[in-house]
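Enquirer: One file is attached below, data14.csv, containing CSV, C-alpha atoms.
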chain,number,residue,atom,x,y,z
A,127,LYS,CA,0.0,0.0,0.0
A,128,ILE,CA,1.6,3.2,-1.2
A,129,ASN,CA,0.4,6.7,0.0
A,130,PHE,CA,1.5,9.9,-1.6
A,131,TYR,CA,1.7,13.2,0.4
A,132,SER,CA,2.5,16.7,-0.8
A,133,GLY,CA,3.8,19.4,1.6
A,134,THR,CA,4.8,23.0,1.0
A,135,ASP,CA,8.2,23.0,2.9
A,136,THR,CA,10.3,21.0,5.3
A,137,HIS,CA,8.2,21.7,8.4
A,138,SER,CA,5.0,20.6,6.6
A,139,GLN,CA,6.7,17.4,5.5
A,140,ILE,CA,7.8,16.6,9.1
A,141,GLY,CA,4.3,17.5,10.3
A,142,ILE,CA,2.9,14.8,8.0
A,143,VAL,CA,5.5,12.3,9.3
A,144,ARG,CA,4.4,13.1,12.9
A,145,GLU,CA,0.7,12.4,12.0
A,146,ILE,CA,1.7,9.1,10.2
A,147,ILE,CA,3.7,8.0,13.3
A,148,LYS,CA,0.7,8.6,15.5
A,149,THR,CA,-1.3,6.0,13.4
A,150,ILE,CA,1.4,3.2,13.8
A,151,PRO,CA,0.9,1.0,16.9
A,152,LYS,CA,3.8,1.2,19.3
A,153,GLN,CA,4.7,-2.5,18.8
A,154,GLU,CA,5.2,-1.9,15.1
A,155,LEU,CA,7.6,1.0,15.4
A,156,SER,CA,10.6,-1.4,15.6
A,157,SER,CA,9.7,-2.5,12.1
A,158,THR,CA,9.4,1.1,10.8
A,159,VAL,CA,11.9,3.2,9.0
A,160,ILE,CA,12.0,7.0,8.2
A,161,VAL,CA,14.3,7.6,5.3
A,162,LEU,CA,16.1,11.0,5.0
A,163,PRO,CA,17.8,11.6,1.7
A,164,ASP,CA,18.8,15.0,3.1
A,165,GLU,CA,20.5,14.6,6.5
A,166,THR,CA,19.9,18.3,7.4
A,167,LYS,CA,16.3,17.4,8.2
A,168,VAL,CA,17.2,15.1,11.1
A,169,PHE,CA,17.0,17.7,13.9
A,170,PRO,CA,13.6,19.2,12.9
A,171,LEU,CA,12.4,15.6,12.6
A,172,LEU,CA,13.6,14.6,16.1
A,173,SER,CA,12.0,17.7,17.7
A,174,GLU,CA,8.6,16.6,16.3
A,175,ILE,CA,8.6,12.8,16.9
A,176,SER,CA,10.7,12.3,20.0
A,177,SER,CA,7.7,12.5,22.2
A,178,LEU,CA,5.9,9.8,20.2
A,179,VAL,CA,8.5,7.1,20.3
A,180,ASP,CA,10.3,5.4,23.2
A,181,GLU,CA,13.3,4.2,21.3
A,182,LEU,CA,14.9,5.2,18.0
A,183,ASN,CA,18.1,4.7,16.2
A,184,ILE,CA,19.8,7.2,13.8
A,185,SER,CA,22.2,5.5,11.4
A,186,LEU,CA,23.2,8.3,9.1
A,187,GLY,CA,25.9,10.9,9.1
A,188,TYR,CA,25.2,14.6,9.7
A,189,SER,CA,27.4,16.8,7.5
A,190,LEU,CA,30.0,18.8,9.4
A,191,GLN,CA,29.5,21.8,7.2
A,192,HIS,CA,26.0,22.2,8.6
A,193,SER,CA,27.2,22.2,12.2
A,194,THR,CA,27.0,25.3,14.4
A,195,ILE,CA,30.8,25.4,15.0
A,196,PHE,CA,31.6,25.4,11.3
A,197,SER,CA,29.0,28.2,10.7
A,198,LEU,CA,31.0,30.3,13.2
A,199,ILE,CA,34.3,29.5,11.5
A,200,GLU,CA,32.8,30.5,8.1
A,201,THR,CA,31.7,33.9,9.5
A,202,ILE,CA,35.2,34.4,10.8
A,203,PHE,CA,36.6,33.5,7.4
A,204,SER,CA,34.3,36.0,5.8
A,205,ALA,CA,35.3,38.8,8.2
A,206,GLN,CA,39.0,38.2,7.6
A,207,LEU,CA,38.8,37.9,3.8
A,208,THR,CA,36.9,41.2,3.4
A,209,LYS,CA,39.0,43.1,5.9
A,210,LYS,CA,41.3,45.7,4.5
A,211,SER,CA,42.8,47.9,7.2
A,212,ARG,CA,39.4,47.8,9.1
A,213,TYR,CA,36.6,45.3,9.5
A,214,TYR,CA,33.3,45.8,7.7
A,215,THR,CA,30.7,46.5,10.4
A,216,LYS,CA,28.3,44.0,9.0
A,217,ASN,CA,30.8,41.1,9.0
A,218,TYR,CA,32.1,42.1,12.5
A,219,LEU,CA,28.6,41.9,13.9
A,220,ASN,CA,27.9,38.6,12.1
A,221,VAL,CA,30.8,37.1,14.0
A,222,LEU,CA,30.1,38.7,17.4
A,223,SER,CA,26.4,37.9,17.4
A,224,HIS,CA,26.9,34.2,16.7
A,225,PRO,CA,25.2,32.0,19.4
A,226,ILE,CA,28.4,30.3,20.4
A,227,ILE,CA,30.1,33.6,21.2
A,228,LYS,CA,27.1,34.9,23.0
A,229,SER,CA,27.4,31.8,25.3
A,230,TYR,CA,30.9,32.8,26.4
A,231,ILE,CA,31.1,32.4,30.1
A,232,PHE,CA,32.5,35.4,32.1
A,233,LYS,CA,32.3,35.5,35.9
A,234,GLU,CA,30.4,32.1,35.8
A,235,THR,CA,27.6,33.4,33.6
A,236,ASP,CA,27.0,34.2,29.9
A,237,LEU,CA,24.6,37.1,30.8
A,238,ILE,CA,27.4,39.7,30.8
A,239,THR,CA,28.6,38.6,27.4
A,240,LYS,CA,25.1,38.7,25.9
A,241,THR,CA,24.5,42.2,27.4
A,242,LEU,CA,27.8,43.5,26.1
A,243,ILE,CA,27.3,42.2,22.6
A,244,GLN,CA,23.7,43.5,22.5
A,245,LYS,CA,25.1,47.0,23.5
A,246,ILE,CA,27.7,46.8,20.8
A,247,GLU,CA,25.0,46.0,18.2
A,248,GLU,CA,22.9,49.0,19.4
A,249,PHE,CA,25.9,51.3,19.2
A,250,LEU,CA,27.0,50.2,15.7
A,251,ILE,CA,23.6,50.2,14.1
A,252,GLY,CA,22.8,53.6,15.5
A,253,THR,CA,20.1,52.8,18.1
A,254,GLN,CA,22.2,54.8,20.5
A,255,ASP,CA,24.0,57.9,19.3
A,256,ASN,CA,27.8,57.7,19.4
A,257,VAL,CA,30.9,58.3,17.3
A,258,LEU,CA,30.6,54.9,15.6
A,259,SER,CA,26.9,55.1,14.7
A,260,THR,CA,26.1,53.9,11.2
A,261,SER,CA,29.8,53.5,10.4
A,262,ILE,CA,30.4,51.1,7.5
A,263,THR,CA,33.8,50.0,8.8
A,264,ILE,CA,35.2,49.8,12.3
A,265,ASP,CA,38.5,49.2,14.1
A,266,LEU,CA,38.6,46.9,17.1
A,267,ALA,CA,40.5,49.5,19.2
A,268,GLU,CA,37.8,52.1,18.6
A,269,ILE,CA,35.2,49.8,20.1
A,270,GLU,CA,37.4,48.9,23.1
A,271,SER,CA,37.9,52.6,23.8
A,272,LEU,CA,34.2,53.6,23.7
A,273,ASP,CA,33.4,54.8,27.2
A,274,GLU,CA,29.7,55.2,26.5
A,275,LEU,CA,29.5,51.5,25.7
A,276,TYR,CA,30.8,50.5,29.1
A,277,ALA,CA,28.6,53.0,31.0
A,278,SER,CA,25.5,51.7,29.2
A,279,CYS,CA,26.4,48.1,29.8
A,280,ILE,CA,27.1,48.7,33.5
A,281,ASN,CA,23.8,50.5,33.8
A,282,ASP,CA,21.9,47.5,32.3
A,283,LEU,CA,23.8,44.9,34.4
A,284,ASP,CA,23.5,46.8,37.7
A,285,ASN,CA,20.6,44.8,39.0
A,286,PHE,CA,22.1,41.4,38.1
A,287,ASN,CA,25.9,41.5,38.2
A,288,LYS,CA,28.2,44.1,39.8
A,289,ILE,CA,30.9,44.7,37.2
A,290,SER,CA,33.5,47.3,36.5
A,291,LYS,CA,34.6,49.1,33.4
A,292,THR,CA,38.0,47.3,33.6
A,293,GLU,CA,36.3,43.9,33.7
A,294,LEU,CA,34.2,44.7,30.6
A,295,PHE,CA,37.3,46.0,28.8
A,296,ASP,CA,39.1,42.7,29.6
A,297,LEU,CA,36.1,40.7,28.3
A,298,ILE,CA,35.7,42.6,25.0
A,299,LYS,CA,39.5,42.5,24.4
A,300,THR,CA,39.5,38.7,25.0
A,301,LEU,CA,36.6,38.2,22.5
A,302,HIS,CA,38.5,40.3,20.0
A,303,ASP,CA,41.7,38.4,20.5
A,304,ILE,CA,40.1,35.0,20.1
A,305,PHE,CA,37.7,35.7,17.2
A,306,PHE,CA,39.5,38.4,15.3
A,307,ARG,CA,43.1,39.3,16.1
A,308,SER,CA,44.5,35.8,16.3
A,309,TRP,CA,43.2,35.1,12.7
A,310,GLU,CA,44.9,38.3,11.4
A,311,LYS,CA,48.4,36.8,12.0
A,312,ILE,CA,48.0,33.7,9.8
A,313,VAL,CA,50.8,33.6,7.1
A,314,SER,CA,51.2,29.8,6.7
A,315,LEU,CA,49.4,26.5,7.0
A,316,SER,CA,51.1,25.9,10.3
A,317,ASP,CA,49.8,29.2,11.6
A,318,PHE,CA,46.3,28.4,10.4
A,319,ILE,CA,46.4,24.9,12.2
A,320,ASN,CA,47.7,26.4,15.5
A,321,THR,CA,45.1,29.2,15.4
A,322,LEU,CA,42.3,26.9,14.7
A,323,LYS,CA,43.2,24.4,17.4
A,324,THR,CA,43.6,27.2,20.0
A,325,PHE,CA,40.3,28.6,18.9
A,326,ILE,CA,38.6,25.2,19.4
A,327,TYR,CA,40.1,24.7,22.9
A,328,GLN,CA,39.0,28.2,23.9
A,329,ILE,CA,35.4,27.7,23.0
A,330,ILE,CA,35.3,24.3,24.6
A,331,ARG,CA,36.6,25.7,27.9
A,332,ASN,CA,34.7,29.0,27.9
A,333,THR,CA,31.3,28.5,26.2
A,334,ASN,CA,28.2,26.3,26.6
A,335,ILE,CA,29.1,24.3,23.5
A,336,SER,CA,29.7,21.2,25.7
A,337,ARG,CA,26.0,21.0,26.5
A,338,HIS,CA,25.3,19.9,22.9
A,339,PRO,CA,26.8,16.4,22.1
A,340,THR,CA,26.7,17.1,18.3
A,341,ASN,CA,28.8,20.2,18.7
A,342,LEU,CA,31.3,18.3,20.7
A,343,GLN,CA,31.6,15.7,18.0
A,344,ALA,CA,32.0,18.5,15.5
A,345,THR,CA,34.9,19.9,17.5
A,346,GLU,CA,36.5,16.5,17.7
A,347,LEU,CA,36.3,16.1,13.9
A,348,ILE,CA,37.9,19.5,13.3
A,349,LEU,CA,40.7,18.7,15.7
A,350,THR,CA,41.3,15.4,13.9
A,351,LEU,CA,41.5,17.4,10.6
A,352,CYS,CA,44.0,19.7,12.1
A,353,ASP,CA,46.2,16.7,13.1
A,354,GLU,CA,46.0,15.3,9.6
A,355,LEU,CA,46.9,18.7,8.0
A,356,SER,CA,49.8,19.1,10.5
A,357,THR,CA,51.4,15.8,9.3
A,358,SER,CA,50.7,16.3,5.6
A,359,LEU,CA,53.4,17.3,3.1
A,360,LEU,CA,51.6,20.6,2.6
A,361,ASN,CA,52.6,21.7,6.1
A,362,ASN,CA,56.1,23.1,6.1
A,363,PRO,CA,56.7,25.5,9.0
A,364,LEU,CA,59.7,27.0,7.2
A,365,GLU,CA,57.7,28.0,4.2
A,366,LYS,CA,55.9,31.2,4.8
A,367,ASN,CA,53.3,32.6,2.4
A,368,LEU,CA,53.1,29.3,0.5
A,369,PHE,CA,49.3,29.8,0.6
A,370,THR,CA,47.2,32.9,0.7
A,371,LYS,CA,44.5,33.2,3.4
A,372,ASP,CA,41.9,32.6,0.7
A,373,GLU,CA,43.5,29.4,-0.4
A,374,LEU,CA,43.9,28.2,3.2
A,375,TYR,CA,40.3,28.8,4.0
A,376,LYS,CA,39.2,27.1,0.8
A,377,LEU,CA,41.4,24.1,1.5
A,378,PHE,CA,39.9,23.7,5.0
A,379,SER,CA,36.3,24.2,3.7
A,380,ASP,CA,36.8,21.6,1.0
A,381,LEU,CA,38.0,19.1,3.6
A,382,ILE,CA,35.0,19.8,5.8
A,383,ILE,CA,32.5,19.0,3.0
A,384,SER,CA,33.4,15.3,3.1
A,385,GLN,CA,33.2,14.9,6.9
A,386,LYS,CA,30.2,13.4,8.7
A,387,ILE,CA,29.2,13.5,12.3
A,388,ALA,CA,28.1,9.9,13.3
A,389,PHE,CA,25.1,9.3,15.5
A,390,LYS,CA,25.4,6.4,18.0
A,391,GLY,CA,22.5,4.1,18.5
A,392,SER,CA,21.3,0.5,18.3
A,393,PRO,CA,20.1,-0.8,14.9
A,394,LEU,CA,18.5,-3.7,16.6
A,395,LYS,CA,15.5,-2.0,18.2
A,396,GLY,CA,13.3,1.0,18.0
A,397,LEU,CA,12.2,3.3,15.1
A,398,GLN,CA,15.0,3.5,12.5
A,399,ILE,CA,16.1,6.8,10.9
A,400,LEU,CA,18.3,6.1,7.9
A,401,GLY,CA,19.7,7.5,4.7
A,402,LEU,CA,18.7,5.8,1.5
A,403,LEU,CA,22.0,4.0,1.1
A,404,GLU,CA,21.9,2.8,4.8
A,405,THR,CA,18.7,0.8,3.9
A,406,ARG,CA,20.7,-1.5,1.6
A,407,SER,CA,19.6,-5.2,2.2
A,408,LEU,CA,17.2,-4.2,4.9
A,409,SER,CA,13.4,-4.7,4.9
A,410,PHE,CA,10.7,-2.9,7.0
A,411,ASP,CA,7.0,-3.3,7.3
A,412,ASN,CA,6.4,0.5,7.4
A,413,VAL,CA,8.5,2.8,5.2
A,414,ILE,CA,8.3,6.6,5.3
A,415,ILE,CA,10.4,8.6,2.9
A,416,ILE,CA,10.5,12.4,2.9
A,417,ASP,CA,12.1,14.8,0.3
A,418,VAL,CA,11.2,12.6,-2.6
A,419,ASN,CA,12.0,15.5,-4.9
A,420,GLU,CA,14.1,16.1,-8.0
A,421,THR,CA,17.7,17.1,-7.1
A,422,ILE,CA,17.3,15.2,-3.8
A,423,LEU,CA,16.1,11.8,-4.9
A,424,PRO,CA,17.8,10.9,-7.1
A,425,LYS,CA,20.8,13.1,-6.1
A,426,ILE,CA,23.3,13.2,-8.9
A,427,LYS,CA,26.5,15.1,-9.3
A,428,ILE,CA,26.8,16.5,-12.8
A,429,TYR,CA,30.4,17.7,-12.3
A,430,GLU,CA,33.2,15.5,-11.1
A,431,PRO,CA,36.2,17.4,-9.6
A,432,LEU,CA,38.9,15.0,-10.9
A,433,ILE,CA,37.8,13.7,-14.3
A,434,PRO,CA,35.5,15.9,-16.5
A,435,ARG,CA,32.3,14.3,-17.7
A,436,GLU,CA,33.2,14.7,-21.3
A,437,ILE,CA,36.3,12.5,-20.9
A,438,MET,CA,34.2,9.9,-19.0
A,439,LEU,CA,31.7,9.8,-21.9
A,440,GLN,CA,34.5,9.3,-24.4
A,441,LEU,CA,35.7,6.4,-22.4
A,442,GLY,CA,32.2,4.9,-22.5
A,443,ILE,CA,31.4,5.5,-18.9
A,444,ASN,CA,28.1,7.4,-18.1
A,445,ARG,CA,28.3,7.9,-14.4
A,446,LEU,CA,25.0,9.9,-14.3
A,447,GLU,CA,22.9,7.0,-15.7
A,448,LYS,CA,24.6,4.5,-13.4
A,449,GLU,CA,24.2,6.6,-10.3
A,450,GLU,CA,20.5,7.1,-11.0
A,451,GLU,CA,20.0,3.4,-11.6
A,452,ILE,CA,21.8,2.6,-8.3
A,453,GLN,CA,19.5,5.0,-6.3
A,454,LYS,CA,16.4,3.8,-8.2
A,455,TYR,CA,17.3,0.2,-7.4
A,456,HIS,CA,17.6,0.8,-3.6
A,457,PHE,CA,14.4,2.9,-3.7
A,458,LYS,CA,12.3,0.3,-5.5
A,459,ARG,CA,13.8,-2.6,-3.5
A,460,LEU,CA,12.9,-0.9,-0.2
A,461,ILE,CA,9.3,0.0,-1.0
A,462,ASN,CA,8.6,-3.4,-2.7
A,463,SER,CA,9.6,-5.3,0.4
A,464,ALA,CA,7.3,-3.2,2.7
A,465,LYS,CA,3.6,-3.5,3.6
A,466,ASN,CA,2.9,0.3,4.0
A,467,VAL,CA,4.8,3.0,2.2
A,468,ASP,CA,4.4,6.8,2.7
A,469,LEU,CA,6.1,9.0,0.2
A,470,ILE,CA,6.3,12.7,1.0
A,471,TYR,CA,7.5,15.5,-1.2
A,472,VAL,CA,7.6,19.3,-1.4
A,473,GLN,CA,5.5,21.0,-4.1
A,474,ASN,CA,6.2,24.6,-4.6
A,475,ASN,CA,7.7,27.1,-7.2
A,476,SER,CA,11.3,25.8,-6.8
A,477,LEU,CA,10.8,22.1,-6.2
A,478,GLU,CA,8.9,19.3,-8.0
A,479,ARG,CA,8.3,15.7,-7.1
A,480,SER,CA,10.8,13.1,-8.1
A,481,ARG,CA,10.7,11.1,-11.3
A,482,PHE,CA,10.5,8.0,-9.0
A,483,ILE,CA,7.1,9.2,-7.7
A,484,GLU,CA,6.0,10.1,-11.3
A,485,GLU,CA,6.6,6.6,-12.4
A,486,LEU,CA,4.7,5.1,-9.4
A,487,LEU,CA,1.8,7.5,-9.9
A,488,TRP,CA,1.6,6.6,-13.6
A,489,GLU,CA,1.4,2.9,-12.8
A,490,LYS,CA,-1.3,3.6,-10.2
A,491,GLN,CA,-3.2,5.8,-12.6
A,492,LYS,CA,-3.3,3.1,-15.3
A,493,LYS,CA,-4.4,0.6,-12.7
A,494,LEU,CA,-7.2,2.6,-11.0
A,495,ASN,CA,-8.1,5.0,-13.9
A,496,PHE,CA,-7.8,8.0,-11.5
A,497,PRO,CA,-6.2,11.3,-12.3
A,498,ALA,CA,-2.9,11.8,-10.4
A,499,LYS,CA,-4.2,14.7,-8.3
A,500,ASN,CA,-6.8,12.4,-6.7
A,501,LEU,CA,-4.0,10.0,-5.6
A,502,VAL,CA,-2.0,12.6,-3.6
A,503,LYS,CA,-3.0,13.8,-0.1
A,504,ILE,CA,-2.1,17.4,0.5
A,505,GLY,CA,-0.7,18.3,3.9
A,506,ARG,CA,-3.0,20.7,5.6
A,507,PHE,CA,-3.0,22.1,9.1
A,508,ASN,CA,-6.4,23.2,10.5
A,509,LEU,CA,-6.5,26.1,12.9
A,510,ASN,CA,-9.5,26.3,15.2
A,511,PHE,CA,-9.9,29.7,16.7
A,512,VAL,CA,-11.9,29.5,19.9
A,513,PRO,CA,-13.0,33.0,21.1
A,514,GLN,CA,-12.5,33.5,24.8
A,515,GLU,CA,-15.7,34.1,26.6
A,516,THR,CA,-15.7,37.3,28.6
A,517,ILE,CA,-18.1,37.6,31.5
A,518,ILE,CA,-18.9,41.0,32.9
A,519,TYR,CA,-20.5,40.7,36.3
A,520,LYS,CA,-23.2,43.2,37.3
A,521,ASN,CA,-22.3,45.5,40.1
A,522,LYS,CA,-22.6,49.2,40.9
A,523,LYS,CA,-19.7,50.2,38.6
A,524,ASN,CA,-21.0,48.7,35.4
A,525,VAL,CA,-24.7,49.1,35.7
A,526,ILE,CA,-25.9,51.1,32.7
If you took the structure in this file and wrote it as structure tokens, what would it be?
Expert:
Amino acid sequence: KINFYSGTDTHSQIGIVREIIKTIPKQELSSTVIVLPDETKVFPLLSEISSLVDELNISLGYSLQHSTIFSLIETIFSAQLTKKSRYYTKNYLNVLSHPIIKSYIFKETDLITKTLIQKIEEFLIGTQDNVLSTSITIDLAEIESLDELYASCINDLDNFNKISKTELFDLIKTLHDIFFRSWEKIVSLSDFINTLKTFIYQIIRNTNISRHPTNLQATELILTLCDELSTSLLNNPLEKNLFTKDELYKLFSDLIISQKIAFKGSPLKGLQILGLLETRSLSFDNVIIIDVNETILPKIKIYEPLIPREIMLQLGINRLEKEEEIQKYHFKRLINSAKNVDLIYVQNNSLERSRFIEELLWEKQKKLNFPAKNLVKIGRFNLNFVPQETIIYKNKKNVI
């Protein structure tokens, strides 16, 4: 039995999954799989279904490039690459307002850091008049010497934390040193590795990142990459300026793309959350697949970084066709071995349903003689507005 569902975006798809999970008896969840062709959907999915299942197993990798820690590193890269003699205010604020930096612990709390960063934002965007208001570029020393900033911050923190101007100066200078100045001194791969490792250790010790296991795994992976780079032939401490900053950042970013954060679990019990390739040779009674859209399923790389496609075709190797056939085989094998299949896709101006669904719909149309639109259930969320009843009791004040 195959059901087709159409949603408008990621959250509507996951809402449909939640409603499907509600209909599956608890004892059958261990023979149920949710397939995620796009691993970035795993956290929104878990937030919706975790209250409905007692046990679940995630056996797919989460891309390191989608992690919070890498997003911070990317904003730092951007600020450094666009810096001339001064930082662009927009890029400076992008770094400083990152959630990891806002969780920096100072005097056993992150409240002081959050208040200070909020005040810096207000001063730089012009909410409070000062010499730096609406300035396109800024210098770190200018911010550190802004007395009005410290006075405003102390005034806001007065009821919570007793803090002095000197302590605030030390905090903002520390943040500038870790997230800005240390990256300015990079002139070699060795410098880059040492700066990155020091940066990672600083945020592990001084922020709330350790509260999130996925972020800790991301930091471990990045440190492992640093060790690999330090022992590679590219790293020669005697060679200065062998790479430009742009090339160093691109080298590191390209390495990150192939890295996956592994989730630990037991594949022997509970609801299974897998990628398509992780379902190889496995069978389930209930199969739920989301993101059954073109460009996602099948997901095919048109350009190969090592050998151009034209050369592959001249050699008689058509990787695109083979890759599509491999993904189609795993898709058909999985749904043909199941009792109940729910296929969910996004239908909007930028996405269309997969060719795999089109084929299944066409087969069902011929069999049932129904138009395709009658075979697809559209995800809808009904809102019931219940007006609150207001009772006005009669007394001397409201007698007309």
Enquirer: If you take only C-alpha atoms and a cut-off of 10 Å, which residues of segment 242-337 of chain A touch segment 194-205 of chain A, and what are their nearest atom pairs and distances in Å to one decimal, in chain and number order, as a tab-separated table?
Expert:
residue	atom	partner	partner_atom	distance
A:Phe305	CA	A:Ile202	CA	7.0
A:Phe306	CA	A:Ile202	CA	7.4
A:Trp309	CA	A:Ile202	CA	8.3
A:Leu322	CA	A:Ile199	CA	9.0
A:Phe325	CA	A:Ile199	CA	9.6
A:Ile326	CA	A:Ile195	CA	9.0
A:Ile329	CA	A:Ile195	CA	9.5
A:Ile335	CA	A:Ile195	CA	8.7
Enquirer: Can you pull out the residues contacting Leu374 of chain A? Cut-off 12 Å, using all atoms listed in the file, and skip same-chain residues under 6 positions away; I want them as a list in words.
Expert: Phe203, Gln206, Leu207, Trp309, Ile312, Val313, Ser314, Leu315, Ser316, Asp317, Phe318, Ile319, Leu322, Leu355, Leu360, Asn361, Asn367, Leu368, Asp380 and Leu381 of chain A
Enquirer: Can you measure atom CA of Lys209 of chain A to atom CA of Ile243 of chain A for me? One decimal in Å is fine.
Expert: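 According to the coordinates, atom CA of Lys209 of chain A and atom CA of Ile243 of chain A are separated by 20.4 Å.
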Enquirer: Calculated over all atoms listed in the file, which of the candidates A:Glu174, A:Glu346, A:Asp236, A:Glu268 has the smallest distance to Thr136 of chain A?
Expert: A:Glu174
Enquirer: Given all atoms listed in the file as the basis, pick out the residue of A:Ile140, A:Gln191, A:Asp417, A:Asn474 nearest to Ser173 of chain A.
Expert: A:Ile140
Enquirer: Quick one: residues within 9 Å of segment 246-249 of chain A, all atoms listed in the file, excluding same-chain residues fewer than 5 positions away - as number ranges by chain?
Expert: A: 219, 222-223, 241, 254-260, 269, 275
